[in-house]
Amino acid sequence: MALFTSRGPVAEVFQFGLVPIACRARNEDRSQVALSLNNNEVNIYGRAASEWKLQETLQGHDLRVTGIDWAPSTNRIVTCGAVSLLCI
C-alpha cells in the first residue's frame, strides 16, 4: 500500500510478519533493511521491485535484539541485545 500526494508517493506500508518489529536500520541507499522481529535474530531484507525479499538471517544473541545500526561508510551492522552484549 502506498500513500500519494500530488508530487508522488510519500510513504509505503509493508508487512514483514505478524510479530512487532523491535528495531530496524537501513543501509545508506535504502535498498536493504535489517530488522528484528522481537526475537534473537536479525533479518536482512533486500528491495526487489515493489517488495522486500529475505536475503540473510543473522544469529548470535541469546536473548532478544534491542538495537540495530547500519554504518553508512563501512556498510557494517552493529546490534545489541537484552543481555548488554555487542555483536559486530
# chains A, B, ... in the order shown; residues from 1 in each chain; ligands from 1
>>> select_by_dssp(residues="chain A", states="strand (DSSP E or B)", output="VMD selection string")
chain A and resid 2 to 5 8 to 12 23 to 26 32 to 36 41 to 48 51 to 59 65 to 70 77 to 81 86 to 87
>>> residues_around(residues="Asn43 (chain A)", least_positions_apart="3", cutoff="8 Å", atoms="only C-alpha atoms", output="PyMOL selection string")
chain A and resi 34-36+54-58
>>> residues_around(residues="Gln32 (chain A)", least_positions_apart="5", cutoff="7 Å", atoms="only C-alpha atoms", output="PyMOL selection string")
chain A and resi 26-27+44-47
>>> closest_residue(among="A:Glu51, A:Asp62, A:Glu28, A:Asp69", to="Gly81 (chain A)", atoms="only C-alpha atoms")
A:Asp62
>>> residues_around(residues="Asn38 (chain A)", least_positions_apart="2", cutoff="10 Å", atoms="only C-alpha atoms", output="list in words")
Val19, Pro20, Ile21, Ala22, Cys23, Leu35, Ser36, Asn40, Glu41, Val42, Leu63, Arg64, Val65 and Thr66 of chain A
>>> closest_residue(among="A:Ala49, A:Arg24, A:Leu37, A:Ser31", to="Gly67 (chain A)", atoms="only C-alpha atoms")
A:Arg24
>>> closest_residue(among="A:Ala48, A:Gly60, A:Leu18, A:Ala25", to="Arg76 (chain A)", atoms="only C-alpha atoms")
A:Ala25
>>> decode(residues="chain A", atoms="C-alpha atoms", output="PDB file, in the first residue's frame")
ATOM      1  CA  MET A   1       0.000   0.000   0.000  1.00  0.00           C
ATOM      2  CA  ALA A   2       1.355   3.443  -0.878  1.00  0.00           C
ATOM      3  CA  LEU A   3       0.216   6.901   0.175  1.00  0.00           C
ATOM      4  CA  PHE A   4       0.331   9.530  -2.577  1.00  0.00           C
ATOM      5  CA  THR A   5       0.278  13.299  -2.849  1.00  0.00           C
ATOM      6  CA  SER A   6       0.232  15.409  -5.995  1.00  0.00           C
ATOM      7  CA  ARG A   7       4.059  15.090  -6.065  1.00  0.00           C
ATOM      8  CA  GLY A   8       4.168  11.269  -5.809  1.00  0.00           C
ATOM      9  CA  PRO A   9       4.419   8.688  -3.028  1.00  0.00           C
ATOM     10  CA  VAL A  10       5.173   9.943   0.484  1.00  0.00           C
ATOM     11  CA  ALA A  11       5.043   6.633   2.336  1.00  0.00           C
ATOM     12  CA  GLU A  12       4.787   2.953   1.630  1.00  0.00           C
ATOM     13  CA  VAL A  13       3.479   0.301   4.006  1.00  0.00           C
ATOM     14  CA  PHE A  14       4.988  -3.195   4.070  1.00  0.00           C
ATOM     15  CA  GLN A  15       4.283  -6.173   6.303  1.00  0.00           C
ATOM     16  CA  PHE A  16       7.143  -8.388   7.494  1.00  0.00           C
ATOM     17  CA  GLY A  17       5.031 -10.715   9.621  1.00  0.00           C
ATOM     18  CA  LEU A  18       2.518 -10.635  12.425  1.00  0.00           C
ATOM     19  CA  VAL A  19       5.091 -10.055  15.185  1.00  0.00           C
ATOM     20  CA  PRO A  20       6.009  -6.477  16.166  1.00  0.00           C
ATOM     21  CA  ILE A  21       9.301  -5.117  14.833  1.00  0.00           C
ATOM     22  CA  ALA A  22      11.524  -4.446  17.854  1.00  0.00           C
ATOM     23  CA  CYS A  23      14.193  -2.447  15.987  1.00  0.00           C
ATOM     24  CA  ARG A  24      15.363  -1.702  12.474  1.00  0.00           C
ATOM     25  CA  ALA A  25      18.043   0.034  10.402  1.00  0.00           C
ATOM     26  CA  ARG A  26      18.553   0.744   6.698  1.00  0.00           C
ATOM     27  CA  ASN A  27      21.687   0.834   4.607  1.00  0.00           C
ATOM     28  CA  GLU A  28      22.858   4.104   3.037  1.00  0.00           C
ATOM     29  CA  ASP A  29      20.947   3.825  -0.258  1.00  0.00           C
ATOM     30  CA  ARG A  30      17.877   2.313   1.468  1.00  0.00           C
ATOM     31  CA  SER A  31      17.954  -0.787  -0.740  1.00  0.00           C
ATOM     32  CA  GLN A  32      18.257  -3.076   2.304  1.00  0.00           C
ATOM     33  CA  VAL A  33      16.727  -3.123   5.755  1.00  0.00           C
ATOM     34  CA  ALA A  34      17.854  -5.039   8.861  1.00  0.00           C
ATOM     35  CA  LEU A  35      15.156  -5.729  11.415  1.00  0.00           C
ATOM     36  CA  SER A  36      14.467  -7.854  14.438  1.00  0.00           C
ATOM     37  CA  LEU A  37      11.006  -9.280  14.966  1.00  0.00           C
ATOM     38  CA  ASN A  38      11.152  -9.132  18.773  1.00  0.00           C
ATOM     39  CA  ASN A  39      13.461 -12.184  18.982  1.00  0.00           C
ATOM     40  CA  ASN A  40      17.186 -13.026  18.960  1.00  0.00           C
ATOM     41  CA  GLU A  41      17.643 -12.864  15.167  1.00  0.00           C
ATOM     42  CA  VAL A  42      18.303 -10.041  12.715  1.00  0.00           C
ATOM     43  CA  ASN A  43      16.708 -10.462   9.287  1.00  0.00           C
ATOM     44  CA  ILE A  44      18.173  -8.600   6.318  1.00  0.00           C
ATOM     45  CA  TYR A  45      15.740  -7.854   3.502  1.00  0.00           C
ATOM     46  CA  GLY A  46      16.595  -6.503   0.071  1.00  0.00           C
ATOM     47  CA  ARG A  47      14.291  -4.480  -2.156  1.00  0.00           C
ATOM     48  CA  ALA A  48      13.222  -6.378  -5.283  1.00  0.00           C
ATOM     49  CA  ALA A  49      10.910  -4.287  -7.474  1.00  0.00           C
ATOM     50  CA  SER A  50       7.953  -3.405  -5.236  1.00  0.00           C
ATOM     51  CA  GLU A  51       8.551  -5.930  -2.444  1.00  0.00           C
ATOM     52  CA  TRP A  52      11.141  -6.910   0.157  1.00  0.00           C
ATOM     53  CA  LYS A  53      12.824 -10.347  -0.034  1.00  0.00           C
ATOM     54  CA  LEU A  54      14.641 -12.022   2.865  1.00  0.00           C
ATOM     55  CA  GLN A  55      18.358 -12.217   1.997  1.00  0.00           C
ATOM     56  CA  GLU A  56      20.029 -13.287   5.232  1.00  0.00           C
ATOM     57  CA  THR A  57      19.288 -14.154   8.855  1.00  0.00           C
ATOM     58  CA  LEU A  58      21.940 -13.238  11.427  1.00  0.00           C
ATOM     59  CA  GLN A  59      22.074 -15.204  14.669  1.00  0.00           C
ATOM     60  CA  GLY A  60      24.322 -14.706  17.663  1.00  0.00           C
ATOM     61  CA  HIS A  61      22.305 -13.257  20.519  1.00  0.00           C
ATOM     62  CA  ASP A  62      20.995 -15.458  23.326  1.00  0.00           C
ATOM     63  CA  LEU A  63      18.098 -13.128  24.115  1.00  0.00           C
ATOM     64  CA  ARG A  64      16.066 -10.514  22.244  1.00  0.00           C
ATOM     65  CA  VAL A  65      17.826  -7.987  19.975  1.00  0.00           C
ATOM     66  CA  THR A  66      17.123  -4.494  21.316  1.00  0.00           C
ATOM     67  CA  GLY A  67      19.041  -2.274  18.883  1.00  0.00           C
ATOM     68  CA  ILE A  68      20.428  -2.247  15.340  1.00  0.00           C
ATOM     69  CA  ASP A  69      22.513   0.324  13.492  1.00  0.00           C
ATOM     70  CA  TRP A  70      23.945   0.218   9.961  1.00  0.00           C
ATOM     71  CA  ALA A  71      27.090   2.309   9.354  1.00  0.00           C
ATOM     72  CA  PRO A  72      26.795   4.196   6.045  1.00  0.00           C
ATOM     73  CA  SER A  73      30.504   4.490   5.225  1.00  0.00           C
ATOM     74  CA  THR A  74      31.620   0.945   6.159  1.00  0.00           C
ATOM     75  CA  ASN A  75      28.332  -0.885   5.456  1.00  0.00           C
ATOM     76  CA  ARG A  76      28.667  -2.756   8.783  1.00  0.00           C
ATOM     77  CA  ILE A  77      25.804  -3.698  11.052  1.00  0.00           C
ATOM     78  CA  VAL A  78      26.070  -3.460  14.832  1.00  0.00           C
ATOM     79  CA  THR A  79      23.479  -4.939  17.179  1.00  0.00           C
ATOM     80  CA  CYS A  80      22.872  -5.049  20.914  1.00  0.00           C
ATOM     81  CA  GLY A  81      20.767  -7.458  22.892  1.00  0.00           C
ATOM     82  CA  ALA A  82      18.895  -7.740  26.153  1.00  0.00           C
ATOM     83  CA  VAL A  83      21.995  -9.008  27.976  1.00  0.00           C
ATOM     84  CA  SER A  84      24.113  -5.929  27.083  1.00  0.00           C
ATOM     85  CA  LEU A  85      26.411  -7.795  24.690  1.00  0.00           C
ATOM     86  CA  LEU A  86      27.791  -6.297  21.495  1.00  0.00           C
ATOM     87  CA  CYS A  87      27.925  -8.377  18.282  1.00  0.00           C
ATOM     88  CA  ILE A  88      29.756  -6.986  15.254  1.00  0.00           C
TER      89      ILE A  88
END
